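Student: Okay, handing you the structure first.
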Amino acid sequence: MSATTERRPFDRRSASSLLLVALLGLGAGATARLAVPPPAVATTQPHAGVRVVSRAPEARPVARTRAS
Amino acid sequence: MRLAALGTDVEVRGDGEEAAAAEVVRLEAILTRFAPSPLTRLNESGRLRDPPRELVAAVRHALAVARATGGLVTPTVLPALERAGYRRPWPHASPPADATPRPCPPVDGIVAGRETLTLPPGVRLDLGGTAKTWIARRAARQLGGDVVVDAGGDVHLDRGVPSLVEVAHPAGGEPLALWLGPGRWGVATSSVASRSWPGGHHLIDPRTGAPAVTRWVQVTAVARSVTWAEVAAKLALFGVRPARVALLVAFDGDGAAWTDDGRGWSAHGARRDASVA
């Protein structure tokens, strides 16, 4: 695996993040909410039981989601 | 067990895989638009008497999705898909012959009765993604034990143990990995980069009838059902925040991934160690 570069988590206080929000708001207002989630309104608790994880090389995924 | 079906690769895993695979094949034969089927007969004539109950159920499901999404995910997309160039089984799409898109008609007027299916004039149906995930759930009913049904990347899980699911990178970069707790989950991915051809792709925006122009290249949704996850991924691509999702992962044009709580990963992988709980 190549060396990786970490992208900073989204931070509304940063200028770049504000720019992103502005761009998202202009282009697709709802997608801006991808970056700034609204209060939980879902019947499924947001993120409950789901984690984005680092995968150990030996760990075998049960499936691979992709567009097909 | 793996099989080629639904225009893609399907994998069923659990107790009773042969029955589940047979169910996939059986239902595809009823719902496909690419081979003579009850659906193609309905589209040709606008009316089908004594329809297979599975076609009625799949159409009703598609209508319910259309109403729940304000028409953003609609089975009336077929004429627009064809105008965009997707007339034959993938990968035989071609540049559009008719460059004038028209918005997709509403589902009002479609009658999905047990005895007769009726379409308004000019309306033809493509059950597309809703049928793929609907079939996946039907196939899962044939399975016991730790169940996995992967319909071309739309994944139904019902397992007693946690599951690791990879999210393919749209440009071949490092996949993300999702760790899902035990229980039933649906994970689905929609992209404007797949099934694309010069001048078009398969994801039609019903509001315009043209291939969607999106902020994101690819969105993956995690929900408690794969049918909703597939719909939610499309909604997010269309710029609409879907309800009832556990997680969204969106890839931008630079190949960076963003979760809906704002965490990011570069196209080269980067951090994948953060909890989003």
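Residue numbering restarts at 1 for every chain of the structure tokens, chains are lettered A, B, ... in their displayed order, and ligands are numbered from 1 as they appear.
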Excluding Ile30 (chain B) and residues on its chain fewer than 2 positions from it, collect all residues at most 8 Å away from it, counting only C-alpha atoms, and give them as a VMD selection string.
Tutor: chain B and resid 26 to 28 32 37 to 39 52 54 to 55
Student: Generate a file of the selected residues that holds C-alpha atoms, formatted as a PDB file, in the first residue's frame.
Tutor:
ATOM      1  CA  ARG B  26     -36.797 -17.040 -11.660  1.00  0.00           C
ATOM      2  CA  LEU B  27     -37.580 -13.479 -10.657  1.00  0.00           C
ATOM      3  CA  GLU B  28     -35.201 -11.972 -13.201  1.00  0.00           C
ATOM      4  CA  THR B  32     -36.179  -8.039 -17.007  1.00  0.00           C
ATOM      5  CA  SER B  37     -40.796 -11.205 -20.155  1.00  0.00           C
ATOM      6  CA  PRO B  38     -44.062 -10.263 -18.533  1.00  0.00           C
ATOM      7  CA  LEU B  39     -42.581  -6.795 -18.011  1.00  0.00           C
ATOM      8  CA  PRO B  52     -47.462 -12.901 -12.390  1.00  0.00           C
ATOM      9  CA  GLU B  54     -44.243 -11.230  -8.531  1.00  0.00           C
ATOM     10  CA  LEU B  55     -44.517  -8.589 -11.257  1.00  0.00           C
TER      11      LEU B  55
END
Student: Near Ala193 (chain B), counting only C-alpha atoms, which residues have an atom at most 9 Å away, once you skip same-chain residues fewer than 2 positions from it, shown as an MDAnalysis selection string?
Tutor: (chainID A and resid 67) or (chainID B and resid 170:171 190:191 195:196 201 217:218)
Student: Can I get the selection written as a compact mmCIF listing (two decimals), in the first residue's frame, with N, CA, C and O atoms?
Tutor:
# COMPACT_ATOMS: atom_id res chain seq x y z
N ALA A 67 -20.84 0.14 -7.40
CA ALA A 67 -21.85 0.41 -8.40
C ALA A 67 -21.68 -0.60 -9.52
O ALA A 67 -20.56 -0.90 -9.93
N PRO B 170 -14.45 4.50 -6.54
CA PRO B 170 -14.95 4.64 -7.92
C PRO B 170 -13.85 4.75 -8.96
O PRO B 170 -14.10 4.48 -10.14
N ALA B 171 -12.64 5.13 -8.54
CA ALA B 171 -11.55 5.26 -9.50
C ALA B 171 -10.45 4.24 -9.25
O ALA B 171 -9.32 4.43 -9.69
N SER B 190 -24.40 3.70 -5.49
CA SER B 190 -24.84 4.22 -6.77
C SER B 190 -23.79 5.19 -7.28
O SER B 190 -23.16 5.91 -6.50
N SER B 191 -23.58 5.21 -8.57
CA SER B 191 -22.50 6.01 -9.13
C SER B 191 -22.86 6.49 -10.52
O SER B 191 -23.53 5.80 -11.28
N ARG B 195 -21.58 2.21 -15.64
CA ARG B 195 -22.53 2.15 -16.75
C ARG B 195 -22.67 3.51 -17.41
O ARG B 195 -23.77 4.06 -17.56
N SER B 196 -21.51 4.03 -17.78
CA SER B 196 -21.49 5.32 -18.46
C SER B 196 -20.89 5.13 -19.85
O SER B 196 -20.16 4.18 -20.10
N HIS B 201 -24.91 8.39 -19.01
CA HIS B 201 -24.76 7.31 -18.03
C HIS B 201 -26.15 6.88 -17.61
O HIS B 201 -27.16 7.49 -18.02
N VAL B 217 -19.54 11.69 -7.20
CA VAL B 217 -19.36 10.67 -8.23
C VAL B 217 -20.03 9.37 -7.81
O VAL B 217 -20.61 8.66 -8.63
N GLN B 218 -19.94 9.08 -6.55
CA GLN B 218 -20.46 7.80 -6.05
C GLN B 218 -20.92 7.98 -4.61
O GLN B 218 -20.26 8.68 -3.84
Student: For Arg141 (chain B), work out the shell of residues within 12 Å, counting only C-alpha atoms and skipping chain neighbours fewer than 6 positions away, then give it as a PyMOL selection string.
Tutor: chain B and resi 12-17+19-21+23-24+134-135+147-149+156-158
Student: Which residue is closest to chain A? Choose from B:Gly253, B:Gly209, B:Pro105, B:Pro162 and count only C-alpha atoms.
Tutor: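 Using only C-alpha atoms, chain A sits closest to B:Pro162.
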Student: Residues within 6 Å of Thr65 (chain A), please, as a list in words. Count only C-alpha atoms; anything in the same chain fewer than 4 positions from it doesn't count.
Tutor: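 Returned residues: Gly153, Asp154 and Val167 of chain B.
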Student: Residues of the last selection are to be written out with all heavy atoms, as an mmCIF file, in the first residue's frame.
Tutor:
data_model
loop_
_atom_site.group_PDB
_atom_site.id
_atom_site.type_symbol
_atom_site.label_atom_id
_atom_site.label_comp_id
_atom_site.auth_asym_id
_atom_site.auth_seq_id
_atom_site.Cartn_x
_atom_site.Cartn_y
_atom_site.Cartn_z
ATOM 1 N N GLY B 153 -23.137 -5.662 -5.898
ATOM 2 C CA GLY B 153 -22.667 -4.614 -5.010
ATOM 3 C C GLY B 153 -23.735 -4.037 -4.112
ATOM 4 O O GLY B 153 -23.420 -3.265 -3.198
ATOM 5 N N ASP B 154 -24.983 -4.358 -4.361
ATOM 6 C CA ASP B 154 -26.055 -4.025 -3.427
ATOM 7 C C ASP B 154 -26.201 -5.223 -2.501
ATOM 8 O O ASP B 154 -26.545 -6.327 -2.939
ATOM 9 C CB ASP B 154 -27.362 -3.754 -4.162
ATOM 10 C CG ASP B 154 -27.279 -2.476 -4.994
ATOM 11 O OD1 ASP B 154 -26.337 -1.686 -4.785
ATOM 12 O OD2 ASP B 154 -28.159 -2.270 -5.849
ATOM 13 N N VAL B 167 -16.090 -0.840 0.647
ATOM 14 C CA VAL B 167 -16.711 0.114 -0.279
ATOM 15 C C VAL B 167 -15.723 0.351 -1.406
ATOM 16 O O VAL B 167 -14.652 0.927 -1.192
ATOM 17 C CB VAL B 167 -17.049 1.438 0.428
ATOM 18 C CG1 VAL B 167 -17.678 2.415 -0.562
ATOM 19 C CG2 VAL B 167 -17.958 1.202 1.617
#
Student: Would you list the contacts of His92 (chain B) as a list in words, taking every protein, DNA or RNA residue within 12 Å and counting only C-alpha atoms, but skipping same-chain residues closer than 3 positions in sequence?
Tutor: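 Listed by chain and then number, they are Gly7, Phe34, Glu82, Gly85, Tyr86, Arg87, Arg88, Pro89, Pro95, Arg195, Ser196, Trp197, Pro198, His201 and His202 of chain B.
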Student: I'd like to know which of B:Pro91, B:Gly46, B:Pro120, B:Pro211 is closest to chain A, using only C-alpha atoms.
Tutor: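 Distance minimum relative to chain A lands on B:Pro91.
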Student: May I ask which of the residues B:Leu119, B:Ala256, B:Leu247, B:Val187 is the closest one to Val62 (chain A), counting only C-alpha atoms?
Tutor: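 Of B:Leu119, B:Ala256, B:Leu247, B:Val187, the one nearest Val62 (chain A) is B:Val187, counting only C-alpha atoms.
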Student: Run DSSP on the backbone and give me the residues of region 167-267 of chain B it puts in alpha helix (DSSP H), as a PDB file with N, CA and C atoms, in the first residue's frame.
Tutor:
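Here's the written file out_35.pdb:
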ATOM      1  N   VAL B 226     -31.749  -3.350   2.315  1.00  0.00           N
ATOM      2  CA  VAL B 226     -30.991  -3.073   1.095  1.00  0.00           C
ATOM      3  C   VAL B 226     -31.855  -2.329   0.088  1.00  0.00           C
ATOM      4  N   THR B 227     -33.166  -2.559   0.117  1.00  0.00           N
ATOM      5  CA  THR B 227     -34.029  -1.830  -0.806  1.00  0.00           C
ATOM      6  C   THR B 227     -33.956  -0.329  -0.520  1.00  0.00           C
ATOM      7  N   TRP B 228     -33.974   0.037   0.752  1.00  0.00           N
ATOM      8  CA  TRP B 228     -33.897   1.458   1.072  1.00  0.00           C
ATOM      9  C   TRP B 228     -32.487   1.998   0.879  1.00  0.00           C
ATOM     10  N   ALA B 229     -31.482   1.196   1.183  1.00  0.00           N
ATOM     11  CA  ALA B 229     -30.105   1.661   0.978  1.00  0.00           C
ATOM     12  C   ALA B 229     -29.884   2.040  -0.482  1.00  0.00           C
ATOM     13  N   GLU B 230     -30.410   1.252  -1.383  1.00  0.00           N
ATOM     14  CA  GLU B 230     -30.233   1.540  -2.810  1.00  0.00           C
ATOM     15  C   GLU B 230     -30.937   2.837  -3.188  1.00  0.00           C
ATOM     16  N   VAL B 231     -32.122   3.016  -2.673  1.00  0.00           N
ATOM     17  CA  VAL B 231     -32.853   4.254  -2.945  1.00  0.00           C
ATOM     18  C   VAL B 231     -32.130   5.446  -2.317  1.00  0.00           C
ATOM     19  N   ALA B 232     -31.668   5.260  -1.094  1.00  0.00           N
ATOM     20  CA  ALA B 232     -30.993   6.349  -0.381  1.00  0.00           C
ATOM     21  C   ALA B 232     -29.722   6.777  -1.097  1.00  0.00           C
ATOM     22  N   ALA B 233     -28.988   5.826  -1.635  1.00  0.00           N
ATOM     23  CA  ALA B 233     -27.761   6.184  -2.360  1.00  0.00           C
ATOM     24  C   ALA B 233     -28.095   7.042  -3.575  1.00  0.00           C
ATOM     25  N   LYS B 234     -29.177   6.679  -4.264  1.00  0.00           N
ATOM     26  CA  LYS B 234     -29.580   7.488  -5.420  1.00  0.00           C
ATOM     27  C   LYS B 234     -30.003   8.887  -4.976  1.00  0.00           C
ATOM     28  N   LEU B 235     -30.794   8.956  -3.923  1.00  0.00           N
ATOM     29  CA  LEU B 235     -31.242  10.269  -3.451  1.00  0.00           C
ATOM     30  C   LEU B 235     -30.052  11.157  -3.117  1.00  0.00           C
ATOM     31  N   ALA B 236     -29.079  10.581  -2.428  1.00  0.00           N
ATOM     32  CA  ALA B 236     -27.907  11.380  -2.057  1.00  0.00           C
ATOM     33  C   ALA B 236     -27.162  11.851  -3.304  1.00  0.00           C
ATOM     34  N   LEU B 237     -27.093  11.000  -4.313  1.00  0.00           N
ATOM     35  CA  LEU B 237     -26.463  11.439  -5.558  1.00  0.00           C
ATOM     36  C   LEU B 237     -27.232  12.593  -6.185  1.00  0.00           C
TER      37      LEU B 237
END
